[in-house]
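A quick write-up on the structure given underneath.
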Amino acid sequence: MNNNVELERLRSDFKLIDDLMEQKHVLWLNENRNPHKNIEGITMEEVEDAANRLQRFSSYIIEAFPETALEGGIIESEVKEIAAMKKLIEGRRAIHIPGRLFLKCDHALPISGSIKARGGIYEVLKHAETLAIKAGKLSESDDYALIHREEMRDFYKQYKIAVGSTGNLGLSIGIISAKLGFQVDVHMSADAKDWKKDLLRSLGVNVIEYEQDYSVAVEQGRKEAAADPYCHFIDDENSKDLFVGYAVAALRLQKQLANQLIQVNADHPLFVYLPCGVGGGPGGVAYGLQQIFGEHVHIFFGEPTQSPCMLLGMMTGLHDQISVADIELTNKTEADGLAVGRPSKFVGSIMESILSGCYTVDDAFLFRSLKAMMEQENIFMEPSAHAGVFGPIQIVCEGQEYLEKHGLYDKMEQAVHVVWSTGGNMVPEEMRQIYLQTEK
């Protein structure tokens with residue numbers, strides 16, 4: 001935060017800051033939401049281009065990751081109704097969640113088991129394509145399965161991929177980059193789980209650990225990569241390629257909802273709840289959804305009470321010029337993927353007219369929800385993914401102002417709520433048992 005911006009003035013200007021400092025559950029509503037505003041600097045044509053590129057790579061993906069064969073080499077997850085979980089939440093909270101509750105199962109995405117399997121893998125594939133075409137080793141009309149040949153791996157070995165991560169982005173980048181043959185450096189913050197670091201090292205990835213948080217890992221990774229002309233740094237804070245890779249999910253969700261005969265229109269609102277760290281993954285998804293569904297989609301980001309960086313950056317308009325440390329929060333949370341103290345300005349600026357709001361959730365809820373989701377739906381999601389589950393609760397309990405402002409009260413029984421699950425399938429069994437037995 002700029003030195004001339006004092007905490008007391010912020011507390012005076014933004015009344016929610018006191019509640020954030022006390023780690024209360026907060027719902028911030030975005031007064032600048034304008035679904036009809038033109039978004040500069042990015043287009044749906046770029047998202048369509050990303051979708052087409054991923055289709056070109058599908059034959060390679062099948063060769064490199066045979067588990068994707070049934071889906072034709074497309075990295076995607078299902079959308080399923082979680083009626084039992086909805087009933088349990090309603091019973092525990094003594095509330096009624098109007099409409100239907102669905103889960104977008106990105107915890108089960110192939111290859112790296114999280115939402116990062118889209119954006120992260122996409123950016124690496126795009127870079128690999130660019131290098132190969134420039135070297136005359138590939139053309140867009142080729143069968144991309146040829147990239148799986150040893151001669152192509154030898155070609156990529158002269159190049160390096162680097163990234164800074166709290167965990168899941170590092171996993172996705174490391175797995176796909178190592179498979180292609182790249183050298184890989186993953187700069188990991190103190191919050192990253194040991195099992196994620198161990199998995200990467202087992203694949204030959206160079207993991208650099210930091211005692212500091214995410215921002216330091218990214219900054220150091222960025223500096224080291226800048227000094228190496230053969231290194232491509234994947235910048236979670238500023239990358240358009242990551243962003244459009246994530247946004248492809250919106251095109252696919254549109255088809256999935258249509259296949260289940262789910263309407264999204266003035267009488268059938270769509271609510272989407274996404275866990276948020278630095279903002280790239282949820283931001284890309286949100287952009288795509290807003291471009292497709294316009295004013296009929298209502299998107300909320302969920303963040304830990306100790307790490308509400310996007311809420312803080314957007315509420316104050318300071319974006320990456322303010323950190324959760326500036327309001328005396330620790331940025332310590334079991335939701336490792338969300339342990340980010342400073343948001344992406346690139347994403348926050350795009351979200352100014354798109355996002356409906358942000359809310360906070362404590363770690364204790366994440367673990368209760370984790371256990372309940374296993375018991376009710378037999379679905380395992382890592383703690384950070386459960387930040388999405390708290391969204392419908394916040395809307396029912398604290399969102400009356402929003403529903404009234406947008407004329408949604410009498411339409412909520414026709415609403416569809418989509419909780420975006422962001423990670424889980426890669427978690428080792430022993431770690432799952434620890435999570436399931438954790439009492440907060």
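Going through the structure tokens in order, the chains are called A, B, and so on, while each chain numbers its residues from 1 and the ligands are numbered from 1 in the order shown.
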Would you please give, as a PyMOL selection string, all residues of stretch 190-433 of chain A that DSSP assigns to helix (DSSP H, G or I) based on the backbone?
-> chain A and resi 194-202+214-226+240-259+280-296+309-316+319-321+324-327+336-338+345-351+363-377+383-387+390-398+400-405+409-414+429-433
Close residues, stretch 351-364 of chain A itself excluded, 9 Å, only C-alpha atoms, min 4 positions apart in chain, as a VMD selection string = chain A and resid 20 23 to 39 283 286 to 287 290 294 297 to 308 310 to 311 314 317 333 to 335 346 to 347 368 to 369 383 to 384 387 390 to 391 394 402 439 to 440
Shell of 12 Å around A:Pro269, only C-alpha atoms, local chain residues under 4 positions omitted, as a PyMOL selection string = chain A and resi 98-100+262-265+293-299+403+406-418
Write the selection just made, keeping N, CA and C atoms, as a short mmCIF file (atom, residue, chain, number, x, y, z; two decimals), in the first residue's frame?
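The result, written out as result-v7.cif:
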```cif
data_model
loop_
_atom_site.label_atom_id
_atom_site.label_comp_id
_atom_site.auth_asym_id
_atom_site.auth_seq_id
_atom_site.Cartn_x
_atom_site.Cartn_y
_atom_site.Cartn_z
N PRO A 98 -33.21 -21.13 -2.04
CA PRO A 98 -34.16 -21.28 -3.15
C PRO A 98 -33.45 -21.68 -4.43
N GLY A 99 -34.11 -22.52 -5.22
CA GLY A 99 -33.51 -22.98 -6.47
C GLY A 99 -32.75 -24.27 -6.29
N ARG A 100 -31.88 -24.59 -7.23
CA ARG A 100 -31.12 -25.84 -7.23
C ARG A 100 -29.64 -25.55 -7.04
N ILE A 262 -31.15 -26.65 -18.50
CA ILE A 262 -31.16 -25.56 -17.52
C ILE A 262 -31.12 -24.23 -18.26
N GLN A 263 -32.13 -23.42 -18.02
CA GLN A 263 -32.22 -22.12 -18.67
C GLN A 263 -31.50 -21.06 -17.84
N VAL A 264 -30.94 -20.08 -18.52
CA VAL A 264 -30.39 -18.90 -17.86
C VAL A 264 -30.96 -17.69 -18.58
N ASN A 265 -31.86 -16.99 -17.91
CA ASN A 265 -32.49 -15.80 -18.49
C ASN A 265 -33.06 -14.93 -17.38
N PHE A 293 -23.66 -14.84 -20.56
CA PHE A 293 -24.98 -14.74 -19.92
C PHE A 293 -25.38 -13.32 -19.53
N GLY A 294 -24.46 -12.37 -19.65
CA GLY A 294 -24.78 -10.97 -19.38
C GLY A 294 -25.32 -10.72 -17.98
N GLU A 295 -26.40 -9.95 -17.91
CA GLU A 295 -26.95 -9.54 -16.61
C GLU A 295 -27.62 -10.69 -15.85
N HIS A 296 -27.77 -11.83 -16.50
CA HIS A 296 -28.49 -12.94 -15.87
C HIS A 296 -27.59 -13.83 -15.03
N VAL A 297 -26.27 -13.58 -15.05
CA VAL A 297 -25.36 -14.34 -14.19
C VAL A 297 -24.85 -13.42 -13.09
N HIS A 298 -24.77 -13.97 -11.89
CA HIS A 298 -24.37 -13.21 -10.70
C HIS A 298 -23.20 -13.96 -10.07
N ILE A 299 -22.03 -13.32 -10.09
CA ILE A 299 -20.79 -14.02 -9.76
C ILE A 299 -20.18 -13.46 -8.48
N LEU A 403 -30.42 -8.93 -3.82
CA LEU A 403 -31.59 -9.53 -4.48
C LEU A 403 -32.66 -8.49 -4.74
N HIS A 406 -31.72 -6.01 -7.66
CA HIS A 406 -31.76 -6.58 -9.00
C HIS A 406 -33.08 -7.29 -9.32
N GLY A 407 -34.08 -7.10 -8.48
CA GLY A 407 -35.41 -7.65 -8.75
C GLY A 407 -35.44 -9.16 -8.82
N LEU A 408 -34.70 -9.80 -7.91
CA LEU A 408 -34.55 -11.26 -7.98
C LEU A 408 -35.38 -12.04 -6.97
N TYR A 409 -36.02 -11.34 -6.03
CA TYR A 409 -36.71 -12.05 -4.96
C TYR A 409 -37.71 -13.08 -5.47
N ASP A 410 -38.54 -12.69 -6.42
CA ASP A 410 -39.61 -13.59 -6.86
C ASP A 410 -39.13 -14.58 -7.93
N LYS A 411 -37.81 -14.56 -8.22
CA LYS A 411 -37.27 -15.47 -9.24
C LYS A 411 -36.33 -16.52 -8.66
N MET A 412 -36.09 -16.43 -7.35
CA MET A 412 -35.05 -17.27 -6.77
C MET A 412 -35.40 -18.75 -6.75
N GLU A 413 -36.67 -19.09 -6.73
CA GLU A 413 -37.02 -20.52 -6.75
C GLU A 413 -36.67 -21.16 -8.09
N GLN A 414 -36.49 -20.32 -9.13
CA GLN A 414 -36.06 -20.83 -10.44
C GLN A 414 -34.56 -20.65 -10.65
N ALA A 415 -33.85 -20.21 -9.61
CA ALA A 415 -32.41 -19.95 -9.73
C ALA A 415 -31.61 -21.25 -9.74
N VAL A 416 -30.45 -21.17 -10.35
CA VAL A 416 -29.46 -22.24 -10.28
C VAL A 416 -28.20 -21.66 -9.64
N HIS A 417 -27.71 -22.35 -8.61
CA HIS A 417 -26.49 -21.97 -7.93
C HIS A 417 -25.39 -22.96 -8.32
N VAL A 418 -24.27 -22.45 -8.83
CA VAL A 418 -23.15 -23.31 -9.19
C VAL A 418 -21.96 -22.98 -8.30
#
```
Going by DSSP on the backbone, which bits of stretch 219-304 of chain A are strand (DSSP E)? Write them as a list in words, please.
->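 DSSP on the backbone gives strand (DSSP E) at Cys231, His232, Phe233, Ile234, Leu270, Phe271, Val272, Tyr273, Leu274, Pro275, Val297, His298, Ile299, Phe300, Phe301, Gly302, Glu303 and Pro304 of chain A.
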Just-selected residues, C-alpha atoms written as an mmCIF file, in the first residue's frame:
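The new file result.cif reads:
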```cif
data_model
loop_
_atom_site.group_PDB
_atom_site.id
_atom_site.type_symbol
_atom_site.label_atom_id
_atom_site.label_comp_id
_atom_site.auth_asym_id
_atom_site.auth_seq_id
_atom_site.Cartn_x
_atom_site.Cartn_y
_atom_site.Cartn_z
ATOM 1 C CA CYS A 231 12.819 -19.087 -20.042
ATOM 2 C CA HIS A 232 9.085 -18.372 -20.281
ATOM 3 C CA PHE A 233 7.609 -17.108 -17.022
ATOM 4 C CA ILE A 234 3.934 -17.855 -16.407
ATOM 5 C CA LEU A 270 -27.562 -18.134 -12.507
ATOM 6 C CA PHE A 271 -25.437 -17.639 -9.372
ATOM 7 C CA VAL A 272 -21.800 -18.756 -9.478
ATOM 8 C CA TYR A 273 -19.466 -18.938 -6.469
ATOM 9 C CA LEU A 274 -15.710 -19.175 -7.062
ATOM 10 C CA PRO A 275 -12.873 -19.466 -4.521
ATOM 11 C CA VAL A 297 -25.361 -14.340 -14.187
ATOM 12 C CA HIS A 298 -24.371 -13.208 -10.701
ATOM 13 C CA ILE A 299 -20.786 -14.022 -9.756
ATOM 14 C CA PHE A 300 -19.282 -13.972 -6.262
ATOM 15 C CA PHE A 301 -15.722 -14.688 -5.151
ATOM 16 C CA GLY A 302 -15.054 -16.417 -1.806
ATOM 17 C CA GLU A 303 -11.897 -15.736 0.193
ATOM 18 C CA PRO A 304 -10.513 -16.761 3.618
#
```
Restrict the calculation to only C-alpha atoms, then for each residue of stretch 114-167 of chain A with any atom at most 12 Å from an atom of stretch 67-86 of chain A give the closest atom pair and their distance in Å to one decimal, rows by chain and rising residue number, as a Markdown table.
```
| residue | atom | partner | partner_atom | distance |
| --- | --- | --- | --- | --- |
| A:Ser114 | CA | A:Ser77 | CA | 9.8 |
| A:Ile115 | CA | A:Ser77 | CA | 9.4 |
| A:Lys116 | CA | A:Ile75 | CA | 10.7 |
| A:Ala117 | CA | A:Ile75 | CA | 7.4 |
| A:Arg118 | CA | A:Ile75 | CA | 7.0 |
| A:Gly119 | CA | A:Ile75 | CA | 10.6 |
| A:Gly120 | CA | A:Ile75 | CA | 11.7 |
| A:Ile121 | CA | A:Ile75 | CA | 9.4 |
| A:Tyr122 | CA | A:Ile75 | CA | 9.9 |
| A:Tyr144 | CA | A:Gly73 | CA | 11.4 |
| A:Ala145 | CA | A:Gly73 | CA | 10.7 |
```
Spatial neighbours of stretch 165-168 of chain A, 10 Å, only C-alpha atoms, chain gap at least 2 places, as a PyMOL selection string | chain A and resi 112-117+120+162-163+170-174+186-197+213-218+221+234-236+277+335-340+422-424+426
Keeping C-alpha atoms, export the residues of the selection given above as a PDB file, in the first residue's frame.
```pdb
ATOM      1  CA  SER A 112      -3.593 -32.023 -12.326  1.00  0.00           C
ATOM      2  CA  GLY A 113      -6.914 -32.203 -10.452  1.00  0.00           C
ATOM      3  CA  SER A 114      -7.750 -28.511 -10.133  1.00  0.00           C
ATOM      4  CA  ILE A 115      -9.099 -25.477 -11.982  1.00  0.00           C
ATOM      5  CA  LYS A 116      -5.462 -24.664 -12.814  1.00  0.00           C
ATOM      6  CA  ALA A 117      -5.491 -27.585 -15.244  1.00  0.00           C
ATOM      7  CA  GLY A 120      -1.948 -23.312 -16.593  1.00  0.00           C
ATOM      8  CA  ALA A 162       8.986 -20.941 -14.652  1.00  0.00           C
ATOM      9  CA  VAL A 163       6.089 -20.039 -12.363  1.00  0.00           C
ATOM     10  CA  GLY A 170       2.642 -25.044  -9.861  1.00  0.00           C
ATOM     11  CA  LEU A 171       1.301 -28.586 -10.138  1.00  0.00           C
ATOM     12  CA  SER A 172      -0.411 -27.990 -13.464  1.00  0.00           C
ATOM     13  CA  ILE A 173       2.566 -26.129 -14.949  1.00  0.00           C
ATOM     14  CA  GLY A 174       5.071 -28.666 -13.646  1.00  0.00           C
ATOM     15  CA  VAL A 186       8.414 -23.735  -9.692  1.00  0.00           C
ATOM     16  CA  HIS A 187       8.845 -21.019  -7.069  1.00  0.00           C
ATOM     17  CA  MET A 188       6.652 -22.058  -4.134  1.00  0.00           C
ATOM     18  CA  SER A 189       5.500 -19.960  -1.207  1.00  0.00           C
ATOM     19  CA  ALA A 190       5.556 -21.012   2.430  1.00  0.00           C
ATOM     20  CA  ASP A 191       1.880 -21.996   2.205  1.00  0.00           C
ATOM     21  CA  ALA A 192       2.426 -24.719  -0.380  1.00  0.00           C
ATOM     22  CA  LYS A 193       1.757 -28.227   0.914  1.00  0.00           C
ATOM     23  CA  ASP A 194       4.684 -30.651   1.134  1.00  0.00           C
ATOM     24  CA  TRP A 195       2.909 -33.313  -0.915  1.00  0.00           C
ATOM     25  CA  LYS A 196       2.597 -30.905  -3.845  1.00  0.00           C
ATOM     26  CA  LYS A 197       6.298 -30.076  -3.696  1.00  0.00           C
ATOM     27  CA  ASP A 213       4.165 -15.731   0.967  1.00  0.00           C
ATOM     28  CA  TYR A 214       2.953 -15.991  -2.610  1.00  0.00           C
ATOM     29  CA  SER A 215       3.885 -12.467  -3.716  1.00  0.00           C
ATOM     30  CA  VAL A 216       7.566 -12.988  -2.890  1.00  0.00           C
ATOM     31  CA  ALA A 217       7.689 -16.328  -4.723  1.00  0.00           C
ATOM     32  CA  VAL A 218       6.158 -14.770  -7.836  1.00  0.00           C
ATOM     33  CA  GLY A 221      10.492 -16.172 -10.116  1.00  0.00           C
ATOM     34  CA  ILE A 234       3.934 -17.855 -16.407  1.00  0.00           C
ATOM     35  CA  ASP A 235       2.688 -14.853 -14.499  1.00  0.00           C
ATOM     36  CA  ASP A 236      -0.415 -15.659 -12.461  1.00  0.00           C
ATOM     37  CA  GLY A 277      -6.670 -16.286  -4.511  1.00  0.00           C
ATOM     38  CA  ALA A 335      -6.818 -22.885   2.137  1.00  0.00           C
ATOM     39  CA  ASP A 336      -3.322 -22.820   0.643  1.00  0.00           C
ATOM     40  CA  GLY A 337      -4.488 -21.959  -2.866  1.00  0.00           C
ATOM     41  CA  LEU A 338      -6.167 -18.844  -1.513  1.00  0.00           C
ATOM     42  CA  ALA A 339      -3.311 -17.676   0.722  1.00  0.00           C
ATOM     43  CA  VAL A 340      -2.595 -14.543  -1.287  1.00  0.00           C
ATOM     44  CA  THR A 422     -11.288 -25.868  -7.578  1.00  0.00           C
ATOM     45  CA  GLY A 423      -9.100 -28.756  -6.396  1.00  0.00           C
ATOM     46  CA  GLY A 424      -8.951 -32.119  -4.653  1.00  0.00           C
ATOM     47  CA  MET A 426      -4.551 -35.070  -6.483  1.00  0.00           C
TER      48      MET A 426
END
```
Show which residues sit within 10 Å of A:Phe65, as a list in words. Count only C-alpha atoms, and ignore same-chain residues fewer than 5 positions away.
->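 Selected residues are Ser59, Tyr60, Gly73, Pro110, Ile111, Ile176 and Lys179 of chain A.
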Option closest in space to A:Val419, from A:Lys104, A:Lys126, A:Arg252, A:Lys137 [counting only C-alpha atoms] | A:Lys104
For atom CA of A:Glu40 and atom CA of A:Gln291, determine how far apart the two atoms are, in Å to one decimal place.
-> 12.4 Å
Point-to-point distance from atom CA of A:Ile17 to atom CA of A:Asp320, Å rounded to tenths | 16.6 Å
